[in-house]
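Structure file entry.csv; described as CSV, C-alpha atoms and all ligand atoms.
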chain,number,residue,atom,x,y,z
A,556,MET,CA,0.0,0.0,0.0
A,557,LYS,CA,2.8,2.4,0.9
A,558,LEU,CA,4.6,1.5,-2.2
A,559,ARG,CA,1.6,2.3,-4.3
A,560,TYR,CA,1.3,5.7,-2.6
A,561,PHE,CA,4.9,6.4,-3.4
A,562,TYR,CA,4.4,5.6,-7.1
A,563,MET,CA,1.3,7.8,-7.2
A,564,VAL,CA,3.3,10.7,-5.8
A,565,LEU,CA,6.2,10.0,-8.2
A,566,PHE,CA,3.7,9.9,-11.1
A,567,VAL,CA,2.2,13.3,-10.1
A,568,ILE,CA,5.7,14.8,-9.8
A,569,LEU,CA,6.7,13.4,-13.2
A,570,VAL,CA,3.5,14.7,-14.9
A,571,GLY,CA,3.9,18.0,-13.2
A,572,THR,CA,7.5,18.3,-14.4
A,573,GLN,CA,6.4,17.4,-17.9
A,574,LEU,CA,3.8,20.1,-18.0
A,575,SER,CA,6.2,22.8,-16.8
A,576,LEU,CA,8.6,22.1,-19.6
A,577,ALA,CA,6.7,24.4,-21.9
A,578,GLY,CA,5.4,27.9,-21.6
A,579,THR,CA,3.5,30.7,-23.3
A,580,LEU,CA,5.7,32.9,-25.4
A,581,SER,CA,4.4,36.4,-25.9
A,582,GLY,CA,5.6,39.8,-26.9
A,583,LYS,CA,5.3,42.6,-29.3
A,584,VAL,CA,6.4,43.3,-32.9
A,585,SER,CA,7.0,47.0,-33.4
A,586,GLY,CA,7.7,48.9,-36.5
A,587,ALA,CA,4.9,47.3,-38.4
A,588,ALA,CA,1.1,47.4,-38.3
A,589,ALA,CA,-1.0,44.4,-37.3
A,590,GLY,CA,-0.5,41.2,-39.2
A,591,SER,CA,3.1,40.4,-38.4
A,592,VAL,CA,3.7,36.7,-38.4
A,593,VAL,CA,5.9,35.2,-35.7
A,594,TRP,CA,7.1,31.6,-35.3
A,595,VAL,CA,9.3,29.5,-33.2
A,596,ASP,CA,11.4,26.6,-34.8
A,597,ASP,CA,11.0,23.3,-33.0
A,598,PRO,CA,13.3,20.9,-34.9
A,599,SER,CA,12.6,18.1,-32.4
A,600,ALA,CA,8.9,18.0,-33.3
A,601,LYS,CA,7.4,16.6,-36.5
A,602,VAL,CA,5.0,19.1,-38.0
A,603,GLU,CA,1.7,17.5,-38.5
A,604,ALA,CA,-0.2,19.7,-40.9
A,605,PRO,CA,-3.9,19.8,-40.5
A,606,ALA,CA,-5.7,17.3,-42.8
A,607,LYS,CA,-8.4,19.9,-43.5
A,608,PRO,CA,-7.4,22.3,-46.3
A,609,PHE,CA,-7.1,26.0,-45.7
A,610,ILE,CA,-9.1,28.3,-47.9
A,611,MET,CA,-7.9,31.2,-50.0
A,612,ASP,CA,-10.9,32.8,-51.8
A,613,GLN,CA,-11.0,35.5,-54.5
A,614,LYS,CA,-14.0,37.7,-53.8
A,615,GLY,CA,-14.8,41.3,-54.8
A,616,LEU,CA,-11.5,41.4,-56.8
A,617,LEU,CA,-9.6,40.7,-53.6
A,618,PHE,CA,-7.8,37.7,-52.2
A,619,VAL,CA,-9.5,36.7,-49.0
A,620,PRO,CA,-7.8,36.6,-46.6
A,621,HIS,CA,-4.9,38.9,-47.5
A,622,LEU,CA,-2.6,36.9,-45.2
A,623,LEU,CA,-2.8,33.2,-44.7
A,624,VAL,CA,-0.4,31.4,-42.3
A,625,VAL,CA,-0.1,27.6,-42.6
A,626,PRO,CA,2.2,24.9,-41.2
A,627,VAL,CA,4.5,23.3,-43.8
A,628,GLY,CA,2.7,20.4,-45.5
A,629,SER,CA,-0.7,22.1,-45.5
A,630,THR,CA,-3.0,22.1,-48.5
A,631,ILE,CA,-4.7,25.3,-49.6
A,632,GLU,CA,-7.9,25.3,-51.7
A,633,PHE,CA,-8.0,28.4,-54.0
A,634,LEU,CA,-11.5,29.4,-54.8
A,635,ASN,CA,-13.1,31.9,-57.1
A,636,SER,CA,-16.3,33.6,-55.8
A,637,ASP,CA,-16.4,36.3,-58.4
A,638,ASN,CA,-18.3,36.5,-61.7
A,639,VAL,CA,-15.0,37.1,-63.5
A,640,GLN,CA,-12.1,34.7,-64.1
A,641,HIS,CA,-9.1,34.9,-61.7
A,642,ASN,CA,-5.6,33.5,-61.8
A,643,VAL,CA,-3.2,32.6,-59.0
A,644,PHE,CA,0.5,32.5,-59.3
A,645,TRP,CA,3.6,33.2,-57.3
A,646,ILE,CA,7.0,33.8,-58.8
A,647,ALA,CA,9.0,32.4,-55.9
A,648,ILE,CA,8.8,31.2,-52.2
A,649,SER,CA,11.1,33.4,-50.1
A,650,GLY,CA,13.0,34.4,-53.2
A,651,ASN,CA,13.5,30.8,-54.4
A,652,LYS,CA,12.3,31.0,-58.0
A,653,LYS,CA,12.4,27.2,-58.4
A,654,LEU,CA,9.4,27.1,-56.0
A,655,GLY,CA,7.4,29.6,-58.2
A,656,HIS,CA,4.1,28.2,-59.6
A,657,ASN,CA,1.1,29.2,-61.7
A,658,LEU,CA,-2.2,27.5,-60.7
A,659,GLY,CA,-3.9,28.7,-63.9
A,660,THR,CA,-7.0,30.8,-64.5
A,661,TRP,CA,-10.5,29.6,-63.7
A,662,PRO,CA,-14.1,30.9,-63.4
A,663,LYS,CA,-16.5,31.2,-60.5
A,664,GLY,CA,-17.3,28.1,-58.6
A,665,GLN,CA,-14.2,26.1,-59.6
A,666,LYS,CA,-11.2,25.6,-57.4
A,667,ARG,CA,-7.5,24.6,-57.5
A,668,THR,CA,-5.6,23.0,-54.6
A,669,PHE,CA,-1.9,23.1,-53.8
A,670,LYS,CA,0.1,21.5,-51.1
A,671,PHE,CA,2.9,23.7,-49.7
A,672,ASP,CA,5.8,21.4,-48.8
A,673,ASN,CA,8.4,24.1,-48.5
A,674,PRO,CA,8.5,26.7,-45.8
A,675,GLY,CA,8.7,30.3,-46.8
A,676,VAL,CA,6.6,33.3,-48.0
A,677,ALA,CA,4.7,33.0,-51.3
A,678,PRO,CA,3.5,36.4,-52.5
A,679,LEU,CA,0.3,35.6,-54.5
A,680,LEU,CA,-0.7,37.5,-57.6
A,681,CYS,CA,-3.5,37.3,-60.2
A,682,ASN,CA,-2.4,37.9,-63.8
A,683,VAL,CA,-5.9,39.1,-64.7
A,684,HIS,CA,-5.9,41.8,-62.0
A,685,PRO,CA,-2.5,43.2,-61.4
A,686,GLU,CA,-3.7,45.1,-58.3
A,687,MET,CA,-4.6,41.9,-56.5
A,688,SER,CA,-2.1,40.6,-54.0
A,689,ALA,CA,-1.9,38.3,-50.9
A,690,TYR,CA,0.6,36.4,-48.9
A,691,VAL,CA,0.8,32.7,-47.9
A,692,VAL,CA,3.3,32.3,-45.1
A,693,VAL,CA,4.3,28.6,-44.8
A,694,VAL,CA,5.9,28.1,-41.3
A,695,PRO,CA,8.1,25.2,-40.4
A,696,THR,CA,6.4,24.6,-37.1
A,697,LEU,CA,3.0,24.5,-35.3
A,698,HIS,CA,4.2,27.3,-32.9
A,699,PHE,CA,3.2,30.4,-34.7
A,700,ALA,CA,1.0,33.5,-34.2
A,701,THR,CA,-0.2,36.6,-36.0
A,702,THR,CA,0.0,40.0,-34.2
A,703,ASP,CA,-3.1,41.9,-33.2
A,704,ALA,CA,-3.8,45.6,-33.8
A,705,ASP,CA,-1.3,46.5,-30.9
A,706,GLY,CA,1.4,44.4,-32.4
A,707,ALA,CA,1.0,41.8,-29.6
A,708,TYR,CA,1.2,38.0,-30.1
A,709,THR,CA,0.9,34.9,-27.9
A,710,ILE,CA,2.2,31.5,-28.8
A,711,PRO,CA,1.0,28.8,-26.3
A,712,ASP,CA,2.9,25.6,-25.3
A,713,VAL,CA,6.3,26.4,-26.6
A,714,PRO,CA,8.8,23.8,-25.3
A,715,ASP,CA,11.4,25.1,-22.9
A,716,GLY,CA,14.9,25.8,-24.3
A,717,ALA,CA,16.6,27.9,-26.8
A,718,HIS,CA,14.8,28.4,-30.1
A,719,ASN,CA,15.3,30.2,-33.3
A,720,MET,CA,12.4,32.7,-33.6
A,721,THR,CA,11.4,34.7,-36.7
A,722,ALA,CA,9.2,37.7,-37.3
A,723,TRP,CA,7.8,38.6,-40.7
A,724,HIS,CA,5.6,41.4,-42.0
A,725,GLU,CA,4.7,42.3,-45.6
A,726,GLY,CA,7.1,44.9,-47.0
A,727,MET,CA,9.5,44.6,-44.0
A,728,LYS,CA,12.8,42.8,-43.6
A,729,GLN,CA,12.3,39.3,-42.0
A,730,GLN,CA,14.1,39.0,-38.7
A,731,SER,CA,15.3,36.0,-36.7
A,732,LYS,CA,16.9,35.7,-33.3
A,733,SER,CA,17.5,33.1,-30.6
A,734,VAL,CA,15.0,33.2,-27.7
A,735,ASN,CA,15.2,31.3,-24.5
A,736,VAL,CA,11.9,29.8,-23.3
A,737,SER,CA,11.5,28.8,-19.7
A,738,GLY,CA,7.9,28.8,-18.7
A,739,ALA,CA,6.1,32.0,-19.5
A,740,SER,CA,8.6,34.0,-21.6
A,741,LYS,CA,8.8,37.2,-23.6
A,742,ALA,CA,10.4,38.2,-26.9
A,743,ASP,CA,10.0,41.5,-28.8
A,744,PHE,CA,10.9,42.5,-32.3
A,745,THR,CA,11.4,45.8,-34.1
A,746,LEU,CA,11.1,45.4,-37.8
A,747,SER,CA,12.3,47.8,-40.5
A,748,LYS,CA,12.1,48.1,-44.2
A,801,CU,CU,-8.0,38.3,-60.4
Can you dump the structure from the file as structure tokens?
Ligand SMILES: [Cu+2]
Amino acid sequence: MKLRYFYMVLFVILVGTQLSLAGTLSGKVSGAAAGSVVWVDDPSAKVEAPAKPFIMDQKGLLFVPHLLVVPVGSTIEFLNSDNVQHNVFWIAISGNKKLGHNLGTWPKGQKRTFKFDNPGVAPLLCNVHPEMSAYVVVVPTLHFATTDADGAYTIPDVPDGAHNMTAWHEGMKQQSKSVNVSGASKADFTLSK
């Protein structure tokens, strides 16, 4: 009986220790408006992309949403909800032109799908409407967030330890730095053009 109690206590301690090995990472991205993307690399974890596809619509001559952040390996369904034809292409992913792609041009009601197997930023364009633009940010991790109107972000359950962390915003220079996570932790960025 005593031994069982001992093991129960040991179990509680071990579980408690396990839970404390991660924390909420939060902070602020300055120098840019809302819609900065931040992510924390976690090379130890396999990124399981959601099975359900993400949606990028074209509606009212706009890409909706303007910014879509997806874990690497995710599939995006590209819709057309307008009465005109739209096209979707990107010339590169994070500057790598080998990863450029053109999904073609299609009318209302049809869709195209694409699986993003490489992390990076794909700036979307439509060759029918040169003013249309959007961004797909493919992050190499499940630990990511988008900043709110105050530039604030929160990433829950980040494993304790040193991580490479990156902040990105449309039109700004991407920035990476090492952050140390130990329980609830903070990391701020100041982006510039
Ligand atoms: Cu278009």
- Message: Report, in Å to a single decimal, how far apart CA of Ala606 (chain A) and CA of His724 (chain A) are.
- Response: 26.6 Å
List as a compact mmCIF listing (two decimals) with C-alpha atoms, in the coordinates of the input the protein and nucleic acid residues near Ser731 (chain A), meaning an atom at most 7 Å away when all atoms listed in the file are counted, but skip any in the same chain fewer than 4 places from it.
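Okay, this is what ended up in out.txt:
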# COMPACT_ATOMS: atom_id res chain seq x y z
CA ASN A 719 15.30 30.20 -33.30
CA MET A 720 12.40 32.70 -33.60
CA THR A 721 11.40 34.70 -36.70
CA ALA A 722 9.20 37.70 -37.30
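Take the candidates A:Asp715, A:Asp672, A:Asp612, A:Asp596 and check each one against Thr630 (chain A) using only C-alpha atoms; the shortest distance goes to A:Asp672.
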- Query: Interatomic distance between CA of Asn642 (chain A) and CA of Gly726 (chain A)?
  - Reply: 22.6 Å
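If only C-alpha atoms and all ligand atoms are the atoms counted, then among A:Trp723, A:Phe633, A:Phe609, A:Phe699 the closest residue to ligand CU 801 (chain A) is A:Phe633.
Interatomic distance, CA of Glu686 (chain A) to CA of Gly590 (chain A): 19.8 Å.
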- Task: Check the smallest atom-to-atom distance from each of A:Ser636, A:Thr579, A:Ser585, A:Thr696 to Leu746 (chain A) using all atoms listed in the file, then report the winner.
- Result: A:Ser585
Per-residue nearest contacts of chain A to ligand CU 801 (chain A) (12 Å; all atoms listed in the file) as CSV:
residue,atom,partner,partner_atom,distance
A:Asp612,CA,A:CU801,CU,10.6
A:Gln613,CA,A:CU801,CU,7.2
A:Lys614,CA,A:CU801,CU,8.9
A:Gly615,CA,A:CU801,CU,9.3
A:Leu616,CA,A:CU801,CU,5.9
A:Leu617,CA,A:CU801,CU,7.4
A:Phe618,CA,A:CU801,CU,8.2
A:Val619,CA,A:CU801,CU,11.6
A:Phe633,CA,A:CU801,CU,11.8
A:Leu634,CA,A:CU801,CU,11.1
A:Asn635,CA,A:CU801,CU,8.8
A:Ser636,CA,A:CU801,CU,10.6
A:Asp637,CA,A:CU801,CU,8.9
A:Asn638,CA,A:CU801,CU,10.5
A:Val639,CA,A:CU801,CU,7.7
A:Gln640,CA,A:CU801,CU,6.6
A:His641,CA,A:CU801,CU,3.8
A:Asn642,CA,A:CU801,CU,5.5
A:Val643,CA,A:CU801,CU,7.6
A:Phe644,CA,A:CU801,CU,10.3
A:Gly659,CA,A:CU801,CU,11.0
A:Thr660,CA,A:CU801,CU,8.6
A:Trp661,CA,A:CU801,CU,9.6
A:Pro662,CA,A:CU801,CU,10.0
A:Lys663,CA,A:CU801,CU,11.1
A:Leu679,CA,A:CU801,CU,10.5
A:Leu680,CA,A:CU801,CU,7.9
A:Cys681,CA,A:CU801,CU,4.6
A:Asn682,CA,A:CU801,CU,6.6
A:Val683,CA,A:CU801,CU,4.9
A:His684,CA,A:CU801,CU,4.4
A:Pro685,CA,A:CU801,CU,7.4
A:Glu686,CA,A:CU801,CU,8.3
A:Met687,CA,A:CU801,CU,6.3
A:Ser688,CA,A:CU801,CU,9.0
A:Ala689,CA,A:CU801,CU,11.3
Expected file contents, prior selection, C-alpha atoms, as a PDB file, in the coordinates of the input:
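Written file, again.pdb:
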ATOM      1  CA  ASP A 612     -10.900  32.800 -51.800  1.00  0.00           C
ATOM      2  CA  GLN A 613     -11.000  35.500 -54.500  1.00  0.00           C
ATOM      3  CA  LYS A 614     -14.000  37.700 -53.800  1.00  0.00           C
ATOM      4  CA  GLY A 615     -14.800  41.300 -54.800  1.00  0.00           C
ATOM      5  CA  LEU A 616     -11.500  41.400 -56.800  1.00  0.00           C
ATOM      6  CA  LEU A 617      -9.600  40.700 -53.600  1.00  0.00           C
ATOM      7  CA  PHE A 618      -7.800  37.700 -52.200  1.00  0.00           C
ATOM      8  CA  VAL A 619      -9.500  36.700 -49.000  1.00  0.00           C
ATOM      9  CA  PHE A 633      -8.000  28.400 -54.000  1.00  0.00           C
ATOM     10  CA  LEU A 634     -11.500  29.400 -54.800  1.00  0.00           C
ATOM     11  CA  ASN A 635     -13.100  31.900 -57.100  1.00  0.00           C
ATOM     12  CA  SER A 636     -16.300  33.600 -55.800  1.00  0.00           C
ATOM     13  CA  ASP A 637     -16.400  36.300 -58.400  1.00  0.00           C
ATOM     14  CA  ASN A 638     -18.300  36.500 -61.700  1.00  0.00           C
ATOM     15  CA  VAL A 639     -15.000  37.100 -63.500  1.00  0.00           C
ATOM     16  CA  GLN A 640     -12.100  34.700 -64.100  1.00  0.00           C
ATOM     17  CA  HIS A 641      -9.100  34.900 -61.700  1.00  0.00           C
ATOM     18  CA  ASN A 642      -5.600  33.500 -61.800  1.00  0.00           C
ATOM     19  CA  VAL A 643      -3.200  32.600 -59.000  1.00  0.00           C
ATOM     20  CA  PHE A 644       0.500  32.500 -59.300  1.00  0.00           C
ATOM     21  CA  GLY A 659      -3.900  28.700 -63.900  1.00  0.00           C
ATOM     22  CA  THR A 660      -7.000  30.800 -64.500  1.00  0.00           C
ATOM     23  CA  TRP A 661     -10.500  29.600 -63.700  1.00  0.00           C
ATOM     24  CA  PRO A 662     -14.100  30.900 -63.400  1.00  0.00           C
ATOM     25  CA  LYS A 663     -16.500  31.200 -60.500  1.00  0.00           C
ATOM     26  CA  LEU A 679       0.300  35.600 -54.500  1.00  0.00           C
ATOM     27  CA  LEU A 680      -0.700  37.500 -57.600  1.00  0.00           C
ATOM     28  CA  CYS A 681      -3.500  37.300 -60.200  1.00  0.00           C
ATOM     29  CA  ASN A 682      -2.400  37.900 -63.800  1.00  0.00           C
ATOM     30  CA  VAL A 683      -5.900  39.100 -64.700  1.00  0.00           C
ATOM     31  CA  HIS A 684      -5.900  41.800 -62.000  1.00  0.00           C
ATOM     32  CA  PRO A 685      -2.500  43.200 -61.400  1.00  0.00           C
ATOM     33  CA  GLU A 686      -3.700  45.100 -58.300  1.00  0.00           C
ATOM     34  CA  MET A 687      -4.600  41.900 -56.500  1.00  0.00           C
ATOM     35  CA  SER A 688      -2.100  40.600 -54.000  1.00  0.00           C
ATOM     36  CA  ALA A 689      -1.900  38.300 -50.900  1.00  0.00           C
TER      37      ALA A 689
END
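Ranking A:Asp712, A:Asp705, A:Glu603, A:Glu632 by their shortest atom-to-atom distance to Ala587 (chain A), with only C-alpha atoms included, puts A:Asp705 first.
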- Task: List the neighbours of Ala742 (chain A) out to 12 Å using only C-alpha atoms; skip same-chain residues closer than 4 positions along the sequence, and give me the result as an MDAnalysis selection string.
- Result: chainID A and resid 579:585 593:595 707:710 718:722 731:737
- Message: The residues within 8 Å of (3.9, 20.8, -31.2), using all atoms listed in the file and the coordinates of the file, should be reported as a PyMOL selection string; which are they?
- Response: chain A and resi 597+600-602+696-698+712-713
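If you measure from each of A:Val676, A:Ala604, A:Val627, A:Ile610 to Trp645 (chain A) using all atoms listed in the file, the closest one turns out to be A:Val676.
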